[in-house]
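Engineer: Input structure: structure_25.tsv, which contains TSV, N, CA and C atoms.
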chain	number	residue	atom	x	y	z
M	980	MET	N	56.27	16.24	205.10
M	980	MET	CA	57.42	15.79	204.36
M	980	MET	C	57.42	14.26	204.35
M	981	VAL	N	57.62	13.68	203.18
M	981	VAL	CA	57.61	12.23	203.02
M	981	VAL	C	59.05	11.74	202.86
M	982	PHE	N	59.34	10.62	203.53
M	982	PHE	CA	60.68	10.05	203.46
M	982	PHE	C	60.63	8.68	202.80
M	983	THR	N	61.74	8.30	202.20
M	983	THR	CA	61.91	6.97	201.64
M	983	THR	C	63.23	6.42	202.16
M	984	THR	N	63.41	5.13	202.06
M	984	THR	CA	64.63	4.50	202.54
M	984	THR	C	65.50	4.09	201.36
M	985	CYS	N	66.75	4.51	201.38
M	985	CYS	CA	67.74	4.09	200.39
M	985	CYS	C	68.58	2.98	201.00
M	986	LYS	N	68.94	2.02	200.18
M	986	LYS	CA	69.81	0.93	200.63
M	986	LYS	C	71.21	1.16	200.07
M	987	TYR	N	72.18	0.91	200.91
M	987	TYR	CA	73.58	0.95	200.52
M	987	TYR	C	74.21	-0.37	200.92
M	988	ALA	N	74.97	-0.96	200.02
M	988	ALA	CA	75.69	-2.19	200.33
M	988	ALA	C	77.18	-1.90	200.20
M	989	VAL	N	77.95	-2.42	201.14
M	989	VAL	CA	79.37	-2.12	201.21
M	989	VAL	C	80.14	-3.41	201.47
M	990	GLY	N	81.29	-3.53	200.83
M	990	GLY	CA	82.15	-4.67	201.09
M	990	GLY	C	83.58	-4.38	200.69
M	991	ILE	N	84.46	-5.29	201.06
M	991	ILE	CA	85.90	-5.14	200.87
M	991	ILE	C	86.42	-6.23	199.93
M	992	PHE	N	87.27	-5.82	199.01
M	992	PHE	CA	88.06	-6.75	198.21
M	992	PHE	C	89.52	-6.53	198.55
M	993	SER	N	90.29	-7.60	198.61
M	993	SER	CA	91.72	-7.44	198.88
M	993	SER	C	92.56	-7.60	197.63
M	994	ILE	N	91.98	-8.15	196.57
M	994	ILE	CA	92.73	-8.41	195.34
M	994	ILE	C	92.11	-7.61	194.19
M	995	ARG	N	92.93	-6.81	193.54
M	995	ARG	CA	92.46	-5.93	192.46
M	995	ARG	C	91.77	-6.70	191.34
M	996	GLN	N	92.34	-7.81	190.92
M	996	GLN	CA	91.76	-8.58	189.83
M	996	GLN	C	90.37	-9.10	190.18
M	997	ASP	N	90.15	-9.42	191.44
M	997	ASP	CA	88.83	-9.90	191.87
M	997	ASP	C	87.79	-8.79	191.77
M	998	VAL	N	88.14	-7.59	192.19
M	998	VAL	CA	87.18	-6.49	192.13
M	998	VAL	C	86.92	-6.11	190.67
M	999	GLU	N	87.94	-6.15	189.82
M	999	GLU	CA	87.73	-5.85	188.40
M	999	GLU	C	86.81	-6.87	187.76
M	1000	ALA	N	87.02	-8.15	188.07
M	1000	ALA	CA	86.16	-9.21	187.53
M	1000	ALA	C	84.73	-9.05	188.05
M	1001	ALA	N	84.59	-8.72	189.32
M	1001	ALA	CA	83.26	-8.54	189.91
M	1001	ALA	C	82.52	-7.39	189.23
M	1002	LEU	N	83.21	-6.28	188.98
M	1002	LEU	CA	82.57	-5.15	188.30
M	1002	LEU	C	82.13	-5.54	186.90
M	1003	GLY	N	82.96	-6.30	186.20
M	1003	GLY	CA	82.59	-6.77	184.87
M	1003	GLY	C	81.37	-7.67	184.91
M	1004	GLU	N	81.30	-8.54	185.89
M	1004	GLU	CA	80.15	-9.43	186.01
M	1004	GLU	C	78.88	-8.67	186.39
M	1005	LEU	N	79.01	-7.67	187.25
M	1005	LEU	CA	77.84	-6.84	187.58
M	1005	LEU	C	77.31	-6.16	186.32
M	1006	LYS	N	78.22	-5.60	185.54
M	1006	LYS	CA	77.82	-4.92	184.30
M	1006	LYS	C	77.15	-5.90	183.34
M	1007	ASN	N	77.75	-7.08	183.15
M	1007	ASN	CA	77.18	-8.09	182.26
M	1007	ASN	C	75.81	-8.57	182.72
M	1008	ALA	N	75.57	-8.51	184.02
M	1008	ALA	CA	74.28	-8.93	184.57
M	1008	ALA	C	73.23	-7.83	184.47
M	1009	GLY	N	73.63	-6.67	183.92
M	1009	GLY	CA	72.68	-5.58	183.75
M	1009	GLY	C	72.61	-4.60	184.91
M	1010	PHE	N	73.53	-4.72	185.84
M	1010	PHE	CA	73.55	-3.82	186.99
M	1010	PHE	C	74.11	-2.48	186.55
M	1011	SER	N	73.45	-1.41	186.94
M	1011	SER	CA	73.90	-0.07	186.57
M	1011	SER	C	75.16	0.31	187.35
M	1012	LEU	N	76.26	0.51	186.63
M	1012	LEU	CA	77.50	0.87	187.30
M	1012	LEU	C	77.48	2.31	187.81
M	1013	GLU	N	76.43	3.06	187.46
M	1013	GLU	CA	76.26	4.39	188.02
M	1013	GLU	C	75.96	4.31	189.52
M	1014	LYS	N	75.54	3.15	189.97
M	1014	LYS	CA	75.23	2.94	191.39
M	1014	LYS	C	76.41	2.38	192.17
M	1015	VAL	N	77.56	2.26	191.51
M	1015	VAL	CA	78.72	1.62	192.12
M	1015	VAL	C	79.84	2.63	192.32
M	1016	SER	N	80.42	2.63	193.50
M	1016	SER	CA	81.62	3.42	193.78
M	1016	SER	C	82.71	2.47	194.26
M	1017	LEU	N	83.91	2.68	193.77
M	1017	LEU	CA	85.06	1.88	194.19
M	1017	LEU	C	86.09	2.83	194.77
M	1018	LEU	N	86.42	2.63	196.03
M	1018	LEU	CA	87.40	3.48	196.70
M	1018	LEU	C	88.67	2.68	196.95
M	1019	THR	N	89.80	3.36	196.76
M	1019	THR	CA	91.10	2.73	196.99
M	1019	THR	C	91.94	3.62	197.90
M	1020	ASN	N	92.98	3.05	198.43
M	1020	ASN	CA	93.90	3.78	199.28
M	1020	ASN	C	94.50	4.97	198.54
M	1021	ALA	N	94.89	4.79	197.29
M	1021	ALA	CA	95.48	5.88	196.51
M	1021	ALA	C	94.49	7.02	196.33
M	1022	TRP	N	93.22	6.69	196.09
M	1022	TRP	CA	92.20	7.73	195.93
M	1022	TRP	C	92.03	8.50	197.23
M	1023	ILE	N	91.99	7.79	198.33
M	1023	ILE	CA	91.80	8.43	199.63
M	1023	ILE	C	92.93	9.41	199.90
M	1024	LYS	N	94.17	8.99	199.66
M	1024	LYS	CA	95.31	9.85	199.95
M	1024	LYS	C	95.35	11.09	199.06
M	1025	SER	N	94.88	10.96	197.81
M	1025	SER	CA	94.96	12.11	196.91
M	1025	SER	C	93.72	12.99	196.94
M	1026	ALA	N	92.56	12.41	197.21
M	1026	ALA	CA	91.32	13.17	197.08
M	1026	ALA	C	90.73	13.67	198.38
M	1027	MET	N	91.07	13.07	199.47
M	1027	MET	CA	90.44	13.43	200.73
M	1027	MET	C	91.27	14.46	201.47
M	1028	GLY	N	90.65	15.57	201.81
M	1028	GLY	CA	91.35	16.61	202.54
M	1028	GLY	C	91.56	16.25	204.00
M	1029	GLU	N	90.57	15.61	204.58
M	1029	GLU	CA	90.64	15.25	205.98
M	1029	GLU	C	90.59	13.74	206.11
M	1030	GLU	N	91.33	13.22	207.08
M	1030	GLU	CA	91.37	11.78	207.28
M	1030	GLU	C	90.00	11.21	207.60
M	1031	ASP	N	89.18	11.97	208.31
M	1031	ASP	CA	87.87	11.46	208.71
M	1031	ASP	C	86.80	11.63	207.64
M	1032	SER	N	87.14	12.21	206.50
M	1032	SER	CA	86.14	12.45	205.46
M	1032	SER	C	85.50	11.16	204.97
M	1033	ILE	N	86.30	10.10	204.82
M	1033	ILE	CA	85.72	8.85	204.34
M	1033	ILE	C	84.76	8.29	205.37
M	1034	SER	N	85.09	8.37	206.64
M	1034	SER	CA	84.17	7.90	207.68
M	1034	SER	C	82.88	8.71	207.65
M	1035	SER	N	83.00	10.01	207.48
M	1035	SER	CA	81.82	10.88	207.43
M	1035	SER	C	80.96	10.56	206.22
M	1036	ALA	N	81.61	10.35	205.07
M	1036	ALA	CA	80.86	10.03	203.85
M	1036	ALA	C	80.09	8.72	204.01
M	1037	LEU	N	80.70	7.73	204.64
M	1037	LEU	CA	80.02	6.46	204.87
M	1037	LEU	C	78.90	6.62	205.89
M	1038	ALA	N	79.14	7.39	206.92
M	1038	ALA	CA	78.11	7.61	207.94
M	1038	ALA	C	76.89	8.30	207.35
M	1039	ARG	N	77.09	9.19	206.38
M	1039	ARG	CA	75.96	9.85	205.72
M	1039	ARG	C	75.11	8.87	204.93
M	1040	ARG	N	75.63	7.69	204.69
M	1040	ARG	CA	74.88	6.65	203.99
M	1040	ARG	C	74.27	5.64	204.95
M	1041	GLY	N	74.22	5.99	206.21
M	1041	GLY	CA	73.57	5.14	207.20
M	1041	GLY	C	74.46	4.07	207.81
M	1042	ILE	N	75.75	4.12	207.52
M	1042	ILE	CA	76.67	3.14	208.07
M	1042	ILE	C	77.07	3.60	209.47
M	1043	PRO	N	76.92	2.74	210.47
M	1043	PRO	CA	77.28	3.13	211.84
M	1043	PRO	C	78.73	3.62	211.92
M	1044	LYS	N	78.96	4.56	212.80
M	1044	LYS	CA	80.26	5.22	212.92
M	1044	LYS	C	81.42	4.24	213.09
M	1045	GLU	N	81.26	3.27	213.97
M	1045	GLU	CA	82.35	2.31	214.20
M	1045	GLU	C	82.62	1.46	212.97
M	1046	ARG	N	81.55	1.09	212.27
M	1046	ARG	CA	81.71	0.29	211.05
M	1046	ARG	C	82.39	1.12	209.97
M	1047	ALA	N	82.03	2.40	209.87
M	1047	ALA	CA	82.66	3.29	208.89
M	1047	ALA	C	84.15	3.42	209.18
M	1048	LYS	N	84.52	3.50	210.45
M	1048	LYS	CA	85.94	3.56	210.81
M	1048	LYS	C	86.65	2.28	210.40
M	1049	PHE	N	85.97	1.14	210.57
M	1049	PHE	CA	86.56	-0.13	210.16
M	1049	PHE	C	86.82	-0.14	208.65
M	1050	TYR	N	85.81	0.28	207.87
M	1050	TYR	CA	85.99	0.30	206.42
M	1050	TYR	C	87.14	1.23	206.04
M	1051	LYS	N	87.25	2.37	206.71
M	1051	LYS	CA	88.34	3.30	206.43
M	1051	LYS	C	89.68	2.63	206.72
M	1052	SER	N	89.77	1.90	207.82
M	1052	SER	CA	91.03	1.22	208.16
M	1052	SER	C	91.40	0.19	207.09
M	1053	GLN	N	90.39	-0.46	206.52
M	1053	GLN	CA	90.65	-1.43	205.46
M	1053	GLN	C	91.22	-0.76	204.22
M	1054	LEU	N	90.73	0.44	203.92
M	1054	LEU	CA	91.29	1.20	202.79
M	1054	LEU	C	92.76	1.53	203.03
M	1055	PHE	N	93.07	1.98	204.22
M	1055	PHE	CA	94.45	2.34	204.53
M	1055	PHE	C	95.38	1.14	204.57
M	1056	GLU	N	94.81	-0.06	204.70
M	1056	GLU	CA	95.61	-1.29	204.62
M	1056	GLU	C	95.82	-1.73	203.18
M	1057	GLY	N	95.23	-1.00	202.22
M	1057	GLY	CA	95.44	-1.31	200.81
M	1057	GLY	C	94.32	-2.09	200.16
M	1058	ASN	N	93.22	-2.31	200.87
M	1058	ASN	CA	92.08	-3.02	200.30
M	1058	ASN	C	91.21	-2.09	199.48
M	1059	PHE	N	90.26	-2.65	198.78
M	1059	PHE	CA	89.35	-1.91	197.92
M	1059	PHE	C	87.96	-1.91	198.55
M	1060	LEU	N	87.34	-0.75	198.63
M	1060	LEU	CA	86.01	-0.61	199.22
M	1060	LEU	C	85.00	-0.41	198.10
M	1061	LEU	N	84.06	-1.33	198.00
M	1061	LEU	CA	83.02	-1.25	196.98
M	1061	LEU	C	81.72	-0.81	197.65
M	1062	VAL	N	81.11	0.24	197.11
M	1062	VAL	CA	79.86	0.77	197.66
M	1062	VAL	C	78.81	0.75	196.57
M	1063	LEU	N	77.69	0.10	196.83
M	1063	LEU	CA	76.54	0.09	195.92
M	1063	LEU	C	75.52	1.05	196.52
M	1064	GLU	N	75.11	2.04	195.73
M	1064	GLU	CA	74.22	3.08	196.25
M	1064	GLU	C	72.82	2.97	195.68
M	1065	ASN	N	71.84	3.24	196.55
M	1065	ASN	CA	70.43	3.25	196.18
M	1065	ASN	C	70.01	1.96	195.49
M	1066	VAL	N	70.42	0.86	196.06
M	1066	VAL	CA	70.05	-0.44	195.51
M	1066	VAL	C	68.84	-0.98	196.26
M	1067	LYS	N	67.95	-1.59	195.54
M	1067	LYS	CA	66.76	-2.17	196.17
M	1067	LYS	C	66.64	-3.62	195.74
M	1068	ASP	N	65.96	-3.83	194.63
M	1068	ASP	CA	65.69	-5.19	194.17
M	1068	ASP	C	66.96	-5.92	193.71
M	1069	GLU	N	67.98	-5.16	193.30
M	1069	GLU	CA	69.19	-5.78	192.75
M	1069	GLU	C	70.14	-6.31	193.82
M	1070	ILE	N	69.86	-6.05	195.07
M	1070	ILE	CA	70.83	-6.33	196.13
M	1070	ILE	C	71.19	-7.81	196.22
M	1071	ASP	N	70.21	-8.70	196.09
M	1071	ASP	CA	70.50	-10.13	196.20
M	1071	ASP	C	71.32	-10.62	195.02
M	1072	ASP	N	71.00	-10.14	193.81
M	1072	ASP	CA	71.77	-10.53	192.63
M	1072	ASP	C	73.20	-10.02	192.73
M	1073	ALA	N	73.36	-8.78	193.15
M	1073	ALA	CA	74.70	-8.21	193.30
M	1073	ALA	C	75.49	-8.98	194.35
M	1074	LYS	N	74.85	-9.30	195.45
M	1074	LYS	CA	75.52	-10.03	196.53
M	1074	LYS	C	76.05	-11.37	196.04
M	1075	ALA	N	75.24	-12.09	195.27
M	1075	ALA	CA	75.66	-13.40	194.77
M	1075	ALA	C	76.90	-13.27	193.87
M	1076	ILE	N	76.89	-12.29	192.99
M	1076	ILE	CA	78.04	-12.06	192.10
M	1076	ILE	C	79.28	-11.69	192.91
M	1077	LEU	N	79.11	-10.77	193.83
M	1077	LEU	CA	80.25	-10.28	194.60
M	1077	LEU	C	80.82	-11.36	195.52
M	1078	GLN	N	79.96	-12.19	196.08
M	1078	GLN	CA	80.45	-13.27	196.94
M	1078	GLN	C	81.24	-14.30	196.15
M	1079	GLN	N	80.82	-14.56	194.91
M	1079	GLN	CA	81.57	-15.49	194.06
M	1079	GLN	C	82.97	-14.96	193.79
M	1080	ARG	N	83.13	-13.66	193.80
M	1080	ARG	CA	84.43	-13.04	193.54
M	1080	ARG	C	85.20	-12.71	194.81
M	1081	GLY	N	84.67	-13.08	195.96
M	1081	GLY	CA	85.43	-12.98	197.20
M	1081	GLY	C	85.26	-11.71	198.01
M	1082	ILE	N	84.13	-11.04	197.86
M	1082	ILE	CA	83.92	-9.85	198.69
M	1082	ILE	C	83.88	-10.26	200.16
M	1083	GLN	N	84.41	-9.39	201.01
M	1083	GLN	CA	84.45	-9.66	202.44
M	1083	GLN	C	83.77	-8.51	203.18
M	1084	GLU	N	83.40	-8.78	204.41
M	1084	GLU	CA	82.81	-7.75	205.28
M	1084	GLU	C	81.59	-7.08	204.63
M	1085	TRP	N	80.78	-7.87	203.96
M	1085	TRP	CA	79.58	-7.38	203.27
M	1085	TRP	C	78.58	-6.86	204.28
M	1086	GLY	N	78.04	-5.71	204.01
M	1086	GLY	CA	77.01	-5.15	204.88
M	1086	GLY	C	76.01	-4.36	204.07
M	1087	VAL	N	74.76	-4.41	204.49
M	1087	VAL	CA	73.69	-3.64	203.85
M	1087	VAL	C	73.17	-2.65	204.88
M	1088	TYR	N	73.07	-1.41	204.48
M	1088	TYR	CA	72.69	-0.33	205.39
M	1088	TYR	C	71.54	0.46	204.78
M	1089	HIS	N	70.77	1.08	205.65
M	1089	HIS	CA	69.59	1.84	205.22
M	1089	HIS	C	69.70	3.28	205.71
M	1090	LYS	N	69.26	4.18	204.86
M	1090	LYS	CA	69.28	5.60	205.21
M	1090	LYS	C	67.97	6.22	204.74
M	1091	LYS	N	67.28	6.89	205.66
M	1091	LYS	CA	66.06	7.60	205.28
M	1091	LYS	C	66.43	8.93	204.65
M	1092	VAL	N	65.82	9.21	203.50
M	1092	VAL	CA	66.02	10.48	202.81
M	1092	VAL	C	64.66	11.05	202.43
M	1093	ARG	N	64.64	12.34	202.21
M	1093	ARG	CA	63.39	12.97	201.78
M	1093	ARG	C	62.98	12.37	200.45
M	1094	SER	N	61.75	11.95	200.34
M	1094	SER	CA	61.25	11.29	199.15
M	1094	SER	C	61.48	12.15	197.91
M	1095	GLY	N	62.03	11.52	196.89
M	1095	GLY	CA	62.27	12.20	195.63
M	1095	GLY	C	63.67	12.75	195.47
M	1096	TRP	N	64.46	12.77	196.55
M	1096	TRP	CA	65.79	13.36	196.45
M	1096	TRP	C	66.83	12.44	197.06
M	1097	GLY	N	67.93	12.31	196.36
M	1097	GLY	CA	69.03	11.47	196.84
M	1097	GLY	C	70.34	12.21	196.76
M	1098	LYS	N	71.36	11.47	196.52
M	1098	LYS	CA	72.71	12.00	196.45
M	1098	LYS	C	72.79	13.15	195.46
M	1099	LYS	N	73.31	14.28	195.90
M	1099	LYS	CA	73.54	15.45	195.06
M	1099	LYS	C	72.25	15.94	194.40
M	1100	GLY	N	71.12	15.76	195.05
M	1100	GLY	CA	69.87	16.27	194.52
M	1100	GLY	C	69.26	15.43	193.42
M	1101	ASN	N	69.82	14.28	193.12
M	1101	ASN	CA	69.27	13.42	192.09
M	1101	ASN	C	68.02	12.72	192.60
M	1102	LYS	N	67.12	12.46	191.70
M	1102	LYS	CA	65.90	11.75	192.07
M	1102	LYS	C	66.22	10.36	192.59
M	1103	VAL	N	65.51	9.96	193.60
M	1103	VAL	CA	65.62	8.61	194.16
M	1103	VAL	C	64.43	7.82	193.67
M	1104	SER	N	64.69	6.66	193.09
M	1104	SER	CA	63.57	5.83	192.65
M	1104	SER	C	62.92	5.20	193.88
M	1105	THR	N	61.60	5.26	193.94
M	1105	THR	CA	60.89	4.71	195.09
M	1105	THR	C	59.99	3.58	194.68
Take the structure in this file and express it as structure tokens.

Structural biologist:
Amino acid sequence: MVFTTCKYAVGIFSIRQDVEAALGELKNAGFSLEKVSLLTNAWIKSAMGEEDSISSALARRGIPKERAKFYKSQLFEGNFLLVLENVKDEIDDAKAILQQRGIQEWGVYHKKVRSGWGKKGNKVST
């Protein structure tokens, strides 16, 4: 069995307008928004059955358990959690855009997955 490494980048925005502007700039720069997830406190309260589900979802992406708990706490404080999934070469460009818009607690994490398969059985580019 062959494995590949997926990269996930995660950060926090505290101001809605900043995250909206950052998403627009990522799109304008040619970044695929299919690789972007934005989580909010309202989404967590309505969509998550268990309080620890968000921590578990982040941990499945290679984020250490304590760090995942921190990100979850930031959501419950009303901040916005931005997750970039399966990013490789675009990570530096995305980071520059997001930092200009005030992203905080930026982290890049790695997760080994079976080569050819990623989230929900979708192909992972290697």

Engineer: Using DSSP on the backbone, list every residue of chain M that comes out as strand (DSSP E or B), and give them as number ranges by chain.

Structural biologist: M: 982-992, 1015-1018, 1059-1064, 1083-1093

Engineer: Quick one: everything within 10 Å of M:Ala1047, counting only C-alpha atoms, minus sequence neighbours fewer than 2 positions away in the same chain. Send it as a list in words.

Structural biologist: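 Near M:Ala1047, the qualifying residues are Val989, Asp1031, Ile1033, Ser1034, Ser1035, Ala1036, Leu1037, Ala1038, Arg1039, Arg1040, Gly1041, Ile1042, Pro1043, Lys1044, Glu1045, Phe1049, Tyr1050, Lys1051, Ser1052 and Gln1053 of chain M.
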
Engineer: What's around M:Ala1001 at 8 Å? Count all atoms listed in the file, leave out sequence neighbours fewer than 6 positions away in its own chain, and write the answer as a VMD selection string.

Structural biologist: chain M and resid 995 1007 1076 to 1081

Engineer: Which residue out of M:Lys1048, M:Lys1006, M:Lys1014, M:Lys1074 has the minimum interatomic distance to M:Gly990 when only C-alpha atoms are used?

Structural biologist: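 Of M:Lys1048, M:Lys1006, M:Lys1014, M:Lys1074, the one nearest M:Gly990 is M:Lys1074, counting only C-alpha atoms.
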
Engineer: Which value, in Å to one decimal, gives the distance between atom CA of M:Ser993 and atom CA of M:Val1087?

Structural biologist: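 About the pair atom CA of M:Ser993 and atom CA of M:Val1087: they are 19.1 Å apart.
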
Engineer: Expressed in Å to a single decimal, how great is the separation between atom N of M:Phe1010 and atom CA of M:Tyr1088?

Structural biologist: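 Answer for the atom N of M:Phe1010 to atom CA of M:Tyr1088 separation: 20.1 Å.
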
Engineer: Could you check which of M:Ala1021, M:Ala1075, M:Ile1070, M:Val981 is closest to M:Phe1055, using only N, CA and C atoms?

Structural biologist: M:Ala1021

Engineer: Can you pull out every residue from stretch 987-1019 of chain M that DSSP, working from the backbone, puts in alpha helix (DSSP H), and format the result as a PyMOL selection string?

Structural biologist: chain M and resi 995-1007

Engineer: Using all atoms listed in the file, determine which residues lie at most 6 Å from M:Leu1061, disregarding the query and same-chain residues fewer than 6 positions distant; provide the list as a list in words.

Structural biologist: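 So, after excluding close chain neighbours, the residues are Ala988, Val989, Gly990, Ile991, Phe992, Ser1016, Leu1017 and Leu1018 of chain M.
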
Engineer: With distances taken over only C-alpha atoms, which residue among M:Ser1032, M:Gln1083, M:Ser1094, M:Asn1020 lies nearest M:Asn1058?

Structural biologist: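 Result for the nearest residue to M:Asn1058: M:Asn1020.
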